[in-house]
Amino acid sequence: MSEFKSAARRQESLLAPFERTALIALARRMPGWINSDHLTFVGFLGMALAGGCYYYAKWNSLALVGAAVSLGINWFGDSLDGTLARVRDRQRPRYGFYVDHIVDSFGAIFLIGGMGLSGYMTGTVALAVIIAYFLLAIEIYLAAYTIGVFRLSFGVWGPTELRIIIAFGTLVLLKTPIVTIGTAKYLLCDIGGLVAIVVLTVFAIHSAVQNTMHLYRLERLR
């Protein structure tokens, strides 16, 4: 088998130090019969359930509570699978990286697709959010391959902080699904979606420019 070197993980988000301590403690207490694959599936299940809850909220708004809880389930599985492998020294760098992130990609489609079908967010905005998400994801994965750094956060923002914001906003929908700006009324999720599109796109462009300049300097033609 050819030698494989994992990309260096860069995680500098606001909650990263506390999250790292909590995940290691959870991993050390995890029953032996549970492995990383089980947790990866739990993480995907959380995303799929969240998307299903958003969709069901079209008929019963209390399903929004289920969506927020499902995001917590996703955090548990998706954040803990890699930590468990490292604590037990049972790492499979290529398999783990590939499976974890292809599962995340399908999970994101379920999650954002559920929002777009819920009636709380228009389908056009949901589609644009998916495009912006994958634009940033592609940039991150290309950088992991070409530069050897796998970036998990941008500034203080990482996946955990994003989950918290989405969960909080989901609960706000129970009382305020529509907001008034000036004289016009808009879906709160559409406003949040537009903000997410701008932020994700800016992160992707900024990172792409930085990485392109870095690679150009590394491989400057003589």
# chains A, B, ... in the order shown; residues from 1 in each chain; ligands from 1

$ residues_around --residues "region 71-87 of chain A" --least-positions-apart "6" --cutoff "6 Å" --atoms "only C-alpha atoms" --output "PDB file with N, CA and C atoms, in the first residue's frame"
ATOM      1  N   ALA A  27     -15.050  10.264  24.128  1.00  0.00           N
ATOM      2  CA  ALA A  27     -14.444   9.126  23.432  1.00  0.00           C
ATOM      3  C   ALA A  27     -13.893   8.105  24.422  1.00  0.00           C
ATOM      4  N   SER A  36     -16.019   4.090  15.091  1.00  0.00           N
ATOM      5  CA  SER A  36     -16.154   5.347  14.347  1.00  0.00           C
ATOM      6  C   SER A  36     -17.209   5.269  13.244  1.00  0.00           C
ATOM      7  N   LEU A  39     -20.567   6.024  14.609  1.00  0.00           N
ATOM      8  CA  LEU A  39     -20.753   7.449  14.896  1.00  0.00           C
ATOM      9  C   LEU A  39     -20.932   8.255  13.611  1.00  0.00           C
ATOM     10  N   THR A  40     -20.232   7.871  12.552  1.00  0.00           N
ATOM     11  CA  THR A  40     -20.424   8.534  11.258  1.00  0.00           C
ATOM     12  C   THR A  40     -21.864   8.372  10.789  1.00  0.00           C
ATOM     13  N   VAL A  42     -24.453   7.870  12.763  1.00  0.00           N
ATOM     14  CA  VAL A  42     -25.274   8.694  13.658  1.00  0.00           C
ATOM     15  C   VAL A  42     -25.257  10.153  13.192  1.00  0.00           C
ATOM     16  N   GLY A  43     -24.073  10.640  12.787  1.00  0.00           N
ATOM     17  CA  GLY A  43     -23.980  12.006  12.299  1.00  0.00           C
ATOM     18  C   GLY A  43     -24.826  12.228  11.061  1.00  0.00           C
ATOM     19  N   GLY A  46     -28.489  12.242  11.945  1.00  0.00           N
ATOM     20  CA  GLY A  46     -28.899  13.515  12.513  1.00  0.00           C
ATOM     21  C   GLY A  46     -29.226  14.534  11.436  1.00  0.00           C
ATOM     22  N   MET A  47     -28.407  14.601  10.390  1.00  0.00           N
ATOM     23  CA  MET A  47     -28.660  15.544   9.294  1.00  0.00           C
ATOM     24  C   MET A  47     -29.931  15.179   8.543  1.00  0.00           C
TER      25      MET A  47
END

$ select_by_dssp --residues "region 144-190 of chain A" --states "alpha helix (DSSP H)" --output "list in words"
Ala144, Tyr145, Thr146, Pro159, Thr160, Glu161, Leu162, Arg163, Ile164, Ile165, Ile166, Ala167, Phe168, Gly169, Thr170, Leu171, Val172, Leu188, Cys189 and Asp190 of chain A

$ closest_atom_pairs --of "region 104-175 of chain A" --to "region 211-217 of chain A" --cutoff "9 Å" --atoms "only C-alpha atoms" --output "Markdown table"
| residue | atom | partner | partner_atom | distance |
| --- | --- | --- | --- | --- |
| A:Ala143 | CA | A:Asn211 | CA | 7.1 |
| A:Thr146 | CA | A:Leu215 | CA | 8.2 |
| A:Ile147 | CA | A:Leu215 | CA | 7.7 |

$ residues_around --residues "Glu12 (chain A)" --least-positions-apart "4" --cutoff "10 Å" --atoms "only C-alpha atoms" --output "MDAnalysis selection string"
chainID A and resid 16:17 151:158

$ write_last_selection --atoms "N, CA and C atoms" --output "CSV table (one decimal), in the first residue's frame"
chain,number,residue,atom,x,y,z
A,16,ALA,N,-13.5,25.6,19.8
A,16,ALA,CA,-12.7,24.5,19.5
A,16,ALA,C,-12.0,24.0,20.8
A,17,PRO,N,-11.4,24.8,21.6
A,17,PRO,CA,-10.7,24.2,22.8
A,17,PRO,C,-11.6,23.5,23.7
A,151,ARG,N,-8.6,22.7,6.4
A,151,ARG,CA,-9.1,23.8,7.2
A,151,ARG,C,-10.6,23.5,7.7
A,152,LEU,N,-10.7,23.5,9.0
A,152,LEU,CA,-12.0,23.2,9.6
A,152,LEU,C,-12.8,24.5,10.1
A,153,SER,N,-12.1,25.6,10.1
A,153,SER,CA,-12.7,26.8,10.5
A,153,SER,C,-12.2,28.0,9.8
A,154,PHE,N,-13.0,29.1,9.8
A,154,PHE,CA,-12.6,30.4,9.2
A,154,PHE,C,-12.8,31.4,10.3
A,155,GLY,N,-11.7,31.9,10.8
A,155,GLY,CA,-11.8,32.8,12.0
A,155,GLY,C,-12.4,32.1,13.2
A,156,VAL,N,-13.4,32.7,13.8
A,156,VAL,CA,-14.0,32.0,15.0
A,156,VAL,C,-15.1,31.1,14.6
A,157,TRP,N,-15.4,30.9,13.3
A,157,TRP,CA,-16.5,30.2,12.8
A,157,TRP,C,-16.1,28.8,12.4
A,158,GLY,N,-16.7,27.8,12.9
A,158,GLY,CA,-16.5,26.4,12.5
A,158,GLY,C,-17.8,25.7,12.4

$ closest_residue --among "A:Leu187, A:Leu49, A:Ile24, A:Ala196" --to "Ile165 (chain A)" --atoms "only C-alpha atoms"
A:Ala196

$ closest_residue --among "A:Thr176, A:Ser207, A:Thr122, A:Thr160" --to "Asp190 (chain A)" --atoms "only C-alpha atoms"
A:Thr122

$ closest_residue --among "A:Val209, A:Leu14, A:Ala48, A:Leu194" --to "Val129 (chain A)" --atoms "only C-alpha atoms"
A:Leu194

$ closest_residue --among "A:Leu26, A:Leu173, A:Ala208, A:Val179" --to "Ala137 (chain A)" --atoms "only C-alpha atoms"
A:Ala208

$ atom_distance --atom1 "CA of Gly51 (chain A)" --atom2 "CA of Leu15 (chain A)"
24.9 Å

$ closest_residue --among "A:Phe18, A:Phe41, A:Phe150, A:Tyr55" --to "Gly114 (chain A)" --atoms "only C-alpha atoms"
A:Tyr55

$ residues_around --residues "Ala68 (chain A)" --least-positions-apart "5" --cutoff "8 Å" --atoms "only C-alpha atoms" --output "PyMOL selection string"
chain A and resi 50+166-168+170-171

$ write_last_selection --atoms "N, CA and C atoms" --output "compact mmCIF listing (two decimals), in the first residue's frame"
# COMPACT_ATOMS: atom_id res chain seq x y z
N ALA A 50 -32.93 15.99 10.63
CA ALA A 50 -33.16 17.44 10.67
C ALA A 50 -33.88 17.89 9.40
N ILE A 166 -27.77 27.71 13.55
CA ILE A 166 -28.92 27.15 12.83
C ILE A 166 -29.97 26.65 13.82
N ALA A 167 -29.53 25.97 14.88
CA ALA A 167 -30.47 25.45 15.87
C ALA A 167 -31.22 26.59 16.56
N PHE A 168 -30.49 27.63 16.94
CA PHE A 168 -31.13 28.79 17.60
C PHE A 168 -32.12 29.46 16.64
N THR A 170 -33.65 28.11 14.20
CA THR A 170 -34.78 27.20 14.00
C THR A 170 -35.82 27.36 15.10
N LEU A 171 -35.37 27.51 16.33
CA LEU A 171 -36.30 27.69 17.45
C LEU A 171 -36.99 29.06 17.37

$ select_by_dssp --residues "region 1-216 of chain A" --states "strand (DSSP E or B)" --output "PyMOL selection string"
chain A and resi 8-10+149-151+154+157+178-181+184-187

$ atom_distance --atom1 "CA of Leu218 (chain A)" --atom2 "CA of Ser13 (chain A)"
27.8 Å

$ residues_around --residues "Leu174 (chain A)" --least-positions-apart "3" --cutoff "9 Å" --atoms "only C-alpha atoms" --output "list in words"
Ser61, Leu62, Leu64, Val65, Thr170, Leu171 and Pro177 of chain A
